$ cat protein09.txt   # compact mmCIF, C-alpha atoms and all ligand atoms
# COMPACT_ATOMS: atom_id res chain seq x y z
CA MET A 1 17.87 34.86 47.29
CA ARG A 2 16.84 38.52 47.51
CA GLU A 3 15.62 40.05 50.73
CA SER A 4 12.06 41.31 50.43
CA ALA A 5 9.30 41.95 47.93
CA LEU A 6 5.93 43.64 48.00
CA VAL A 7 3.44 41.84 45.76
CA LEU A 8 0.42 43.58 44.29
CA PHE A 9 -2.12 40.94 45.22
CA SER A 10 -5.78 41.01 44.20
CA GLY A 11 -6.62 37.35 44.77
CA GLY A 12 -6.83 36.52 41.06
CA GLN A 13 -4.95 33.95 38.98
CA ASP A 14 -2.17 36.32 37.93
CA SER A 15 -1.43 37.82 41.31
CA THR A 16 -1.53 34.43 43.06
CA THR A 17 1.04 33.18 40.54
CA CYS A 18 3.10 36.33 41.17
CA ALA A 19 2.95 35.77 44.94
CA ALA A 20 4.25 32.21 44.52
CA TRP A 21 6.95 33.47 42.11
CA ALA A 22 8.06 35.95 44.77
CA LEU A 23 7.98 33.33 47.56
CA GLN A 24 10.41 31.27 45.50
CA ARG A 25 12.86 34.17 45.18
CA PHE A 26 12.62 36.41 48.24
CA ASN A 27 13.12 35.82 51.96
CA ARG A 28 10.11 37.93 52.89
CA VAL A 29 7.00 38.59 50.83
CA ASP A 30 4.45 41.20 51.87
CA THR A 31 1.29 41.89 49.90
CA VAL A 32 -0.99 44.79 49.12
CA GLY A 33 -4.42 44.83 47.50
CA PHE A 34 -6.38 47.81 46.26
CA ALA A 35 -10.08 48.47 46.78
CA TYR A 36 -10.71 50.97 44.02
CA GLY A 37 -14.43 50.53 43.53
CA GLN A 38 -13.99 47.55 41.21
CA GLU A 39 -17.09 45.59 40.35
CA ASN A 40 -15.14 42.38 40.93
CA ALA A 41 -14.32 43.31 44.54
CA ASN A 42 -15.29 39.72 45.35
CA GLU A 43 -11.84 38.62 44.26
CA LEU A 44 -10.50 40.46 47.31
CA LEU A 45 -12.59 38.14 49.49
CA GLN A 46 -10.47 35.20 48.35
CA ARG A 47 -7.23 36.74 49.58
CA ASP A 48 -7.29 35.31 53.11
CA THR A 49 -8.22 31.84 51.87
CA ILE A 50 -5.28 31.91 49.46
CA PHE A 51 -2.87 33.23 52.12
CA ASN A 52 -3.94 30.50 54.54
CA ALA A 53 -3.42 27.81 51.90
CA LEU A 54 0.00 29.21 50.92
CA ARG A 55 1.04 29.13 54.59
CA ARG A 56 -0.45 25.70 55.33
CA ASP A 57 0.23 23.66 52.20
CA PHE A 58 3.55 25.04 50.93
CA ARG A 59 6.11 24.13 53.55
CA GLU A 60 8.90 24.96 51.09
CA TRP A 61 8.26 28.65 51.83
CA PRO A 62 8.08 28.56 55.64
CA GLY A 63 7.42 31.86 57.38
CA LYS A 64 8.12 33.89 54.27
CA LEU A 65 4.65 35.31 53.78
CA GLY A 66 4.57 38.50 55.82
CA SER A 67 2.06 41.27 56.25
CA ASP A 68 -0.91 42.06 54.05
CA ARG A 69 -2.76 45.30 53.58
CA ILE A 70 -5.72 46.58 51.60
CA VAL A 71 -5.46 50.22 50.54
CA ARG A 72 -8.62 52.07 49.59
CA LEU A 73 -8.42 54.16 46.42
CA ASP A 74 -11.79 55.81 46.04
CA LEU A 75 -10.51 58.43 43.63
CA PHE A 76 -11.19 56.44 40.46
CA GLY A 77 -14.96 56.54 40.89
CA GLN A 78 -14.74 60.33 41.12
CA LEU A 79 -12.55 60.70 38.05
CA VAL A 80 -13.41 58.10 35.41
CA LYS A 81 -16.19 55.96 33.96
CA SER A 82 -15.42 52.30 33.29
CA SER A 83 -17.37 49.08 33.05
CA LEU A 84 -14.89 47.68 35.57
CA LEU A 85 -16.23 50.23 38.07
CA GLY A 86 -19.79 49.11 37.42
CA ASP A 87 -20.71 51.92 34.99
CA GLU A 88 -23.20 50.52 32.50
CA GLY A 89 -24.19 51.47 28.96
CA LEU A 90 -20.99 53.37 28.27
CA PRO A 91 -20.42 54.57 24.68
CA PRO A 92 -17.22 53.36 22.97
CA ARG A 93 -14.18 55.33 24.11
CA THR A 94 -12.89 57.85 21.58
CA ASP A 95 -9.30 56.61 22.08
CA GLY A 96 -10.26 53.11 20.91
CA LEU A 97 -9.50 51.47 24.27
CA PRO A 98 -12.10 49.09 25.74
CA VAL A 99 -14.77 50.50 28.08
CA SER A 100 -13.26 48.34 30.83
CA PHE A 101 -10.13 50.53 30.81
CA VAL A 102 -9.61 52.43 34.08
CA PRO A 103 -7.24 55.25 33.10
CA GLY A 104 -4.20 55.44 35.33
CA ARG A 105 -5.12 52.41 37.42
CA ASN A 106 -1.80 50.58 37.27
CA VAL A 107 0.14 53.86 37.33
CA VAL A 108 -1.54 54.73 40.64
CA PHE A 109 -1.24 51.16 41.98
CA LEU A 110 2.50 51.06 41.32
CA THR A 111 3.00 54.57 42.68
CA VAL A 112 1.23 53.68 45.95
CA ALA A 113 3.11 50.37 46.14
CA ALA A 114 6.44 52.12 45.50
CA ILE A 115 5.73 54.49 48.42
CA MET A 116 4.98 51.46 50.61
CA ALA A 117 8.16 49.72 49.43
CA LYS A 118 10.20 52.83 50.17
CA GLU A 119 8.82 52.99 53.71
CA GLY A 120 8.86 49.21 54.22
CA GLY A 121 12.38 48.70 52.86
CA HIS A 122 11.38 46.30 50.09
CA ASP A 123 13.85 45.60 47.28
CA ALA A 124 11.20 44.90 44.68
CA LEU A 125 7.59 45.25 43.67
CA VAL A 126 6.08 42.21 41.98
CA ALA A 127 3.02 42.75 39.79
CA GLY A 128 1.05 40.74 37.24
CA MET A 129 0.95 43.19 34.35
CA CYS A 130 1.07 41.42 31.00
CA GLU A 131 1.12 42.85 27.51
CA THR A 132 0.54 39.72 25.44
CA ASP A 133 -2.90 38.53 26.44
CA TYR A 134 -4.71 41.70 27.48
CA GLU A 135 -7.01 44.19 25.90
CA GLY A 136 -4.46 46.78 24.85
CA TYR A 137 -4.35 48.53 28.22
CA PRO A 138 -1.39 50.91 27.87
CA ASP A 139 -0.52 50.68 31.56
CA CYS A 140 0.13 46.93 31.22
CA ARG A 141 2.94 47.46 28.71
CA ASP A 142 6.56 46.83 29.52
CA ASP A 143 7.59 50.31 28.31
CA THR A 144 5.14 51.91 30.75
CA ILE A 145 6.40 49.81 33.66
CA LYS A 146 10.07 50.41 32.85
CA SER A 147 9.63 54.16 32.62
CA LEU A 148 7.54 54.18 35.82
CA GLN A 149 10.30 52.32 37.62
CA ALA A 150 12.79 54.99 36.57
CA SER A 151 10.50 57.90 37.52
CA LEU A 152 9.43 56.44 40.86
CA ASN A 153 13.00 55.64 41.87
CA LEU A 154 14.08 59.18 40.97
CA GLY A 155 11.12 60.78 42.74
CA LEU A 156 11.41 58.61 45.86
CA GLN A 157 15.21 58.35 45.94
CA ALA A 158 14.89 54.59 45.91
CA ARG A 159 16.25 51.57 44.05
CA THR A 160 13.15 49.40 43.93
CA SER A 161 12.84 47.13 40.92
CA ILE A 162 9.43 46.43 39.44
CA GLU A 163 9.26 42.74 38.53
CA THR A 164 6.54 41.60 36.10
CA PRO A 165 7.06 37.86 35.63
CA LEU A 166 3.95 37.48 33.45
CA MET A 167 4.74 40.32 31.03
CA TYR A 168 5.28 38.15 27.93
CA LEU A 169 3.19 35.12 28.90
CA ASP A 170 -0.31 34.29 27.72
CA LYS A 171 -2.83 32.79 30.13
CA GLY A 172 -1.88 29.25 29.14
CA ASP A 173 1.76 30.01 29.96
CA THR A 174 0.69 31.53 33.28
CA TRP A 175 -0.94 28.21 34.30
CA LYS A 176 2.25 26.44 33.23
CA LEU A 177 4.39 28.83 35.27
CA ALA A 178 2.23 28.15 38.35
CA GLU A 179 2.83 24.43 37.88
CA GLN A 180 6.59 24.96 37.51
CA ILE A 181 6.68 26.98 40.74
CA GLY A 182 4.33 25.05 43.00
CA GLY A 183 3.28 21.93 41.13
CA LYS A 184 -0.29 20.73 40.79
CA ARG A 185 -0.90 21.86 44.37
CA LEU A 186 -0.52 25.47 43.31
CA VAL A 187 -2.54 24.97 40.12
CA ASN A 188 -5.35 23.43 42.18
CA LEU A 189 -5.23 26.27 44.68
CA ILE A 190 -5.54 28.81 41.86
CA VAL A 191 -8.36 26.88 40.17
CA ASN A 192 -10.35 26.42 43.36
CA GLN A 193 -9.75 29.68 45.21
CA SER A 194 -8.73 32.52 42.92
CA CYS A 195 -11.26 34.72 41.15
CA THR A 196 -10.48 36.62 37.97
CA CYS A 197 -14.05 37.20 36.74
CA TYR A 198 -14.93 40.84 35.98
CA GLY A 199 -18.32 40.20 37.59
CA GLY A 200 -16.68 38.75 40.72
CA GLU A 201 -18.78 35.59 40.34
CA LEU A 202 -17.85 33.22 43.16
CA THR A 203 -20.72 30.77 43.10
CA SER A 204 -20.48 28.99 39.74
CA MET A 205 -17.56 26.64 39.33
CA GLN A 206 -16.10 26.00 35.88
CA PRO A 207 -13.32 23.49 35.07
CA TRP A 208 -10.83 26.39 35.29
CA GLY A 209 -12.28 27.90 38.45
CA MET A 210 -14.90 30.33 39.68
CA GLY A 211 -16.44 32.76 37.24
CA CYS A 212 -19.45 33.72 35.14
CA GLY A 213 -17.88 32.07 32.08
CA LYS A 214 -19.03 34.94 29.86
CA CYS A 215 -16.97 38.07 30.56
CA ALA A 216 -13.66 38.87 28.81
CA ALA A 217 -11.64 37.83 31.88
CA CYS A 218 -13.40 34.46 32.15
CA GLU A 219 -12.99 33.94 28.42
CA ARG A 220 -9.22 34.55 28.69
CA ARG A 221 -8.92 32.27 31.69
CA ALA A 222 -10.90 29.50 29.95
CA LYS A 223 -8.81 29.78 26.77
CA GLY A 224 -5.60 29.69 28.79
CA TRP A 225 -6.80 26.65 30.70
CA ALA A 226 -7.68 24.90 27.42
CA LYS A 227 -4.20 25.62 26.07
CA TYR A 228 -2.55 24.51 29.32
CA THR A 229 -4.51 21.27 29.43
CA PHE A 230 -3.79 20.67 25.69
CA LYS A 231 -7.42 20.73 24.69
CA ALA A 232 -8.70 22.57 21.66
CA GLU A 233 -9.71 26.15 22.27
CA PRO A 234 -13.42 26.42 23.08
CA THR A 235 -15.53 27.50 20.15
CA LEU A 236 -16.91 30.97 20.76
CA GLU A 237 -20.59 31.64 20.37
CA GLY A 238 -21.51 32.58 16.82
CA GLU A 239 -18.26 31.24 15.40
CA ALA A 240 -18.52 28.83 12.50
CA SER A 241 -17.22 25.44 13.51
ZN ZN B 1 -16.67 36.35 34.37

$ encode --input "protein09.txt" --output "structure tokens"
Amino acid sequence: MRESALVLFSGGQDSTTCAAWALQRFNRVDTVGFAYGQENANELLQRDTIFNALRRDFREWPGKLGSDRIVRLDLFGQLVKSSLLGDEGLPPRTDGLPVSFVPGRNVVFLTVAAIMAKEGGHDALVAGMCETDYEGYPDCRDDTIKSLQASLNLGLQARTSIETPLMYLDKGDTWKLAEQIGGKRLVNLIVNQSCTCYGGELTSMQPWGMGCGKCAACERRAKGWAKYTFKAEPTLEGEAS
């Protein structure tokens, strides 16, 4: 059992799974969330509900969940345009990346978290970056994370590892991992309380949880749920059946 971890926690499916993964492996788990002007800031509203449930319903991790903090990062809105920041009608990016890409987002997140870990004495950062089931974001790739870990440790004179337990999983595997860690209780908590939707839709409930059911994030979550529950993948609109 390692001593302490700082989990990058947004309140979505991935970061809730990462928090549980960390609770299984570390004696103390602190969390940090980032308010960076995201359109889906609603997911941050679910954080307290999820923390309360993790404390109340998971007695196997007693007293491990420590402090939580939200750090404001207003710089992105000043520097970049992205559909994730609520910018509409954007032309395709010239680098071929999706208009939802927020350049440098995870680089800045991990840099801020590494500073916090240095000051808080954490052994590890735990984050939900994943390169298999995403939209080609370069800051979700394992190479990026590995090289960041080296640079941050050099620059901060630290030995903090960056753990990314979801790196090579697809969304179906992520549901399965949640079940392995915390059983159906954890799966139900994630379904009922976590929000991954790019639009931050908290009012309409789908079989796989809250979300608009139309955005790329909802589509990924729905496909993963279908795979996890062994149903056929949902037919996409316009696709020949
Ligand atoms: Zn959605």

$ closest_residue --input "protein09.txt" --among "A:Ala41, A:Cys195, A:Ala20, A:Leu8" --to "Arg221 in chain A" --atoms "all atoms listed in the file"
A:Cys195

$ atom_distance --input "protein09.txt" --atom1 "CA of Ala19 in chain A" --atom2 "CA of Asp173 in chain A"
16.1 Å

$ residues_near_ligand --input "protein09.txt" --ligand "ligand ZN 1 (chain B)" --cutoff "9 Å" --atoms "all atoms listed in the file" --output "count of residues only"
17

$ closest_residue --input "protein09.txt" --among "A:Tyr137, A:Trp208, A:Phe101, A:Trp175" --to "Thr17 in chain A" --atoms "all atoms listed in the file"
A:Trp175

$ atom_distance --input "protein09.txt" --atom1 "CA of Gln157 in chain A" --atom2 "CA of Glu3 in chain A"
18.9 Å

$ closest_atom_pairs --input "protein09.txt" --of "range 115-228 of chain A" --to "range 49-70 of chain A" --cutoff "12 Å" --atoms "only C-alpha atoms" --output "CSV"
residue,atom,partner,partner_atom,distance
A:Met116,CA,A:Arg69,CA,10.3
A:Gly120,CA,A:Ser67,CA,10.6
A:His122,CA,A:Gly66,CA,11.8
A:Ile181,CA,A:Glu60,CA,10.8
A:Gly182,CA,A:Phe58,CA,8.0
A:Gly183,CA,A:Phe58,CA,10.3
A:Lys184,CA,A:Phe58,CA,11.7
A:Arg185,CA,A:Asp57,CA,8.1
A:Leu186,CA,A:Leu54,CA,8.5
A:Val187,CA,A:Leu54,CA,11.9
A:Asn188,CA,A:Ala53,CA,10.8
A:Leu189,CA,A:Ile50,CA,7.4
A:Ile190,CA,A:Ile50,CA,8.2
A:Val191,CA,A:Ile50,CA,11.0
A:Asn192,CA,A:Ile50,CA,9.6
A:Gln193,CA,A:Ile50,CA,6.6
A:Ser194,CA,A:Ile50,CA,7.4
A:Cys195,CA,A:Ile50,CA,10.6

$ closest_residue --input "protein09.txt" --among "A:Gly136, A:Gly128, A:Pro207, A:Pro92" --to "Val7 in chain A" --atoms "all atoms listed in the file"
A:Gly128

$ atom_distance --input "protein09.txt" --atom1 "CA of Gly224 in chain A" --atom2 "CA of Ile162 in chain A"
24.9 Å

$ axis_aligned_box --input "protein09.txt" --around "range 57-72 of chain A" --padding-each-side "3 Å" --output "lines of an AutoDock Vina configuration file"
center_x = 0.1
center_y = 37.9
center_z = 53.5
size_x = 23.5
size_y = 34.4
size_z = 13.8

$ residues_around --input "protein09.txt" --residues "Cys140 in chain A" --least-positions-apart "6" --cutoff "9 Å" --atoms "only C-alpha atoms" --output "count of residues only"
7

$ residues_around --input "protein09.txt" --residues "Ala124 in chain A" --least-positions-apart "6" --cutoff "10 Å" --atoms "only C-alpha atoms" --output "list in words"
Arg2, Glu3, Ser4, Ala5, Leu6, Val7, Ala22, Phe26, Val29, Ala113, Ala114, Ala117, Lys118, Arg159, Thr160, Ser161, Ile162 and Glu163 of chain A

$ closest_residue --input "protein09.txt" --among "A:Leu202, A:Ile115, A:Leu148, A:Lys81" --to "Leu44 in chain A" --atoms "only C-alpha atoms"
A:Leu202

$ closest_atom_pairs --input "protein09.txt" --of "range 101-133 of chain A" --to "range 34-37 of chain A" --cutoff "10 Å" --atoms "all atoms listed in the file" --output "tab-separated table"
residue	atom	partner	partner_atom	distance
A:Arg105	CA	A:Tyr36	CA	8.8
A:Phe109	CA	A:Phe34	CA	7.5
A:Val112	CA	A:Phe34	CA	9.6
A:Ala113	CA	A:Phe34	CA	9.8

$ closest_residue --input "protein09.txt" --among "A:Ala226, A:Leu73, A:Leu152, A:Met205" --to "Asp170 in chain A" --atoms "only C-alpha atoms"
A:Ala226
